[in-house]
Amino acid sequence: MNVSRREFTRIGCRIIIGAAAGTAVVESIVTNSAAKENPPKGGYDWNEHFWGYLVDTRKCIGCGRCANACKLENEVPFDEPVYRTWVERYRIIKKEREEEVIIDSPNGSIDGFVDDIPDEEIKKAFYVPKICNHCENPPCVQVCPVGATYTTEDGVVLVDYDYCIGCRYCIQGCPYGARYFNTEKGTADKCTWCYHRITKGLLPACVQACPVGARVFGDLNDPESAVNKVLDIERINVLKPDLGTKPKVYYVGLDREVR
Amino acid sequence: MQPHLKRALMLLAIAIIGFIAVRSLIVPDSFGQYGWYRGDSVIENRNFPVEHAGSNSCGEENCHKTIYTIWSGSGHKAVNCETCHGPSEKHVNNIRIMPPPADDSKEYCGLCHFKRAARPEKFPQIDPETHGQNLKCAYCHNPHKPWFI
């Protein structure tokens, strides 16, 4: 056999590209059809839902009942400074010509907030509840080396607590700081939108606990859902839209200082 | 075929078969069922225990019907029972398991109602220095049917 170097490289490249493309196509067909046609059993079809979350920062009173309920619902280590959801306080201080922004969240807001700056010095102040954004394009899922975190068909980013090796790369990868290391489980952990509740027709614990309706949860597929009713009329923003993560936690009344 | 090539191919074949064998032992059965993750994990995530039962289950079956009726017509109707009384799914399933008593301290009411700069202005707030002295809020206000709202 007499093949020139150029010819060899050309054929080699074609074979490699062809094989890679073929595998990808076959894999996508196999996995997608399984997820669509043979969803996990148990009286809930994940093809019928696509969940979304909405936060109205104008309503939040910073009572921290959401963060408290979340910890109790999901067995988040109660005395450690780790949170699946928390409330941040933004205070913009009066300065000549420029502004100083003070952001804090003592114990994730669970013990409430204390005013330690005189009212006269504050230009404006507000609370911003934070939670996993369940991005459509999640960096945390991309960086997991073992496939222990994934997006379900109904749009929820979950952790496989048996398969996670605890490398914490996902915690570094999340631009919203929504993940933490659970020392009791020895794995990464995060908000699941209370997947064990929403698949039974209940609301996430934080949404149920909120006394002012600042947190709204619902099915984006359903035009009559609580989330869509607000999305239809309000002006919406998401956190860090420039990152292209496509968050599914929508914010009403977001200040430009909120990141 | 030359013997050294044969040997190399044999080694390669053994390596590939060995890899496939070890992989099939290590990788869980449901891995790749829906995507690049363990399919069984979805069910495991669904099966975590529910802790908060929701206010409706308090009013059902005449358990706490009276207080439920008062509360659901009051200004506090948006405040879920378990927001103050604690997660109660275990209590709903077995009435012998009692949730911890509700915190009725002034500080607990203050989590929502103490004057704070960052709160929406229209939200009812009091200054704990000038309002109510050292009394518990519930001394004057019924938490299930508060005034002025």
# chains A, B, ... in the order shown; residues from 1 in each chain; ligands from 1
>>> residues_around(residues="segment 189-202 of chain A", least_positions_apart="4", cutoff="6 Å", atoms="only C-alpha atoms", output="PyMOL selection string")
(chain A and resi 84+132+158+179-182) or (chain B and resi 46-48)
>>> interface_residues(of="chain A", to="chain B", cutoff="6 Å", atoms="only C-alpha atoms", output="ChimeraX atom specification")
/A:31,34-35,61,63,73,112,125-126,147,160,195-196,209,211
>>> residues_around(residues="Gly132 of chain B", least_positions_apart="6", cutoff="12 Å", atoms="only C-alpha atoms", output="VMD selection string")
chain B and resid 106 110 114 126 138 to 141
>>> write_last_selection(atoms="C-alpha atoms", output="PDB file, in the first residue's frame")
ATOM      1  CA  LYS B 106     -41.714  39.816  70.278  1.00  0.00           C
ATOM      2  CA  GLY B 110     -40.437  41.428  64.636  1.00  0.00           C
ATOM      3  CA  PHE B 114     -40.033  45.609  63.195  1.00  0.00           C
ATOM      4  CA  ILE B 126     -43.589  49.096  64.381  1.00  0.00           C
ATOM      5  CA  ALA B 138     -49.918  38.459  71.409  1.00  0.00           C
ATOM      6  CA  TYR B 139     -50.875  40.287  74.634  1.00  0.00           C
ATOM      7  CA  CYS B 140     -52.822  42.748  72.471  1.00  0.00           C
ATOM      8  CA  HIS B 141     -52.812  41.258  68.971  1.00  0.00           C
TER       9      HIS B 141
END
>>> select_by_dssp(residues="segment 89-181 of chain A", states="alpha helix (DSSP H)", output="JSON, numbers by chain")
{"A": [139, 140, 141, 142, 143, 169, 170, 171, 172, 173]}
>>> write_last_selection(atoms="N, CA and C atoms", output="short mmCIF file (atom, residue, chain, number, x, y, z; two decimals), in the first residue's frame")
data_model
loop_
_atom_site.label_atom_id
_atom_site.label_comp_id
_atom_site.auth_asym_id
_atom_site.auth_seq_id
_atom_site.Cartn_x
_atom_site.Cartn_y
_atom_site.Cartn_z
N PRO A 139 -23.59 26.00 33.95
CA PRO A 139 -22.14 25.75 34.00
C PRO A 139 -21.79 24.61 34.96
N CYS A 140 -22.58 24.46 36.04
CA CYS A 140 -22.27 23.42 37.03
C CYS A 140 -22.40 22.03 36.44
N VAL A 141 -23.38 21.84 35.56
CA VAL A 141 -23.57 20.53 34.93
C VAL A 141 -22.43 20.27 33.95
N GLN A 142 -22.03 21.35 33.27
CA GLN A 142 -20.96 21.22 32.28
C GLN A 142 -19.64 20.76 32.90
N VAL A 143 -19.35 21.26 34.12
CA VAL A 143 -18.04 20.98 34.69
C VAL A 143 -17.97 19.70 35.50
N TYR A 169 -16.03 21.07 42.11
CA TYR A 169 -15.81 21.87 40.90
C TYR A 169 -17.08 22.65 40.56
N CYS A 170 -18.25 22.02 40.75
CA CYS A 170 -19.52 22.67 40.43
C CYS A 170 -19.74 23.90 41.31
N ILE A 171 -19.26 23.81 42.57
CA ILE A 171 -19.43 24.94 43.49
C ILE A 171 -18.63 26.14 42.95
N GLN A 172 -17.44 25.84 42.42
CA GLN A 172 -16.63 26.89 41.80
C GLN A 172 -17.26 27.38 40.50
N GLY A 173 -17.90 26.45 39.78
CA GLY A 173 -18.42 26.78 38.45
C GLY A 173 -19.65 27.64 38.49
#
>>> closest_residue(among="A:Arg6, A:Tyr44, A:Leu54, A:Cys70", to="Gln208 of chain A", atoms="only C-alpha atoms")
A:Cys70
>>> atom_distance(atom1="atom CA of Gly218 of chain A", atom2="atom CA of Tyr176 of chain A")
21.6 Å
>>> atom_distance(atom1="atom CA of Ile70 of chain B", atom2="atom CA of Val230 of chain A")
29.4 Å
>>> residues_around(residues="Glu80 of chain A", least_positions_apart="3", cutoff="12 Å", atoms="only C-alpha atoms", output="VMD selection string")
chain A and resid 71 75 to 77 83 to 84 107 to 108 110 180 to 184
>>> residues_around(residues="Trp51 of chain A", least_positions_apart="3", cutoff="8 Å", atoms="only C-alpha atoms", output="count of residues only")
8
>>> residues_around(residues="Tyr161 of chain A", least_positions_apart="2", cutoff="9 Å", atoms="only C-alpha atoms", output="PDB file with C-alpha atoms, in the first residue's frame")
ATOM      1  CA  ALA A 148     -23.438  13.537  39.091  1.00  0.00           C
ATOM      2  CA  THR A 149     -25.414  16.672  38.305  1.00  0.00           C
ATOM      3  CA  VAL A 159     -27.539  16.380  42.143  1.00  0.00           C
ATOM      4  CA  TYR A 163     -22.625   9.423  42.456  1.00  0.00           C
ATOM      5  CA  CYS A 164     -21.093  12.779  43.472  1.00  0.00           C
ATOM      6  CA  ILE A 165     -17.434  12.421  44.410  1.00  0.00           C
ATOM      7  CA  LYS A 185     -23.696  13.997  52.879  1.00  0.00           C
ATOM      8  CA  GLY A 186     -20.121  14.535  51.745  1.00  0.00           C
ATOM      9  CA  THR A 187     -21.375  15.825  48.412  1.00  0.00           C
ATOM     10  CA  ALA A 188     -22.158  19.050  46.647  1.00  0.00           C
ATOM     11  CA  ASP A 189     -25.709  20.199  47.331  1.00  0.00           C
TER      12      ASP A 189
ATOM     13  CA  SER B  41     -31.167   9.391  40.699  1.00  0.00           C
ATOM     14  CA  GLU B  44     -34.266   9.129  44.452  1.00  0.00           C
ATOM     15  CA  ASN B  45     -34.582  12.916  44.313  1.00  0.00           C
TER      16      ASN B  45
END
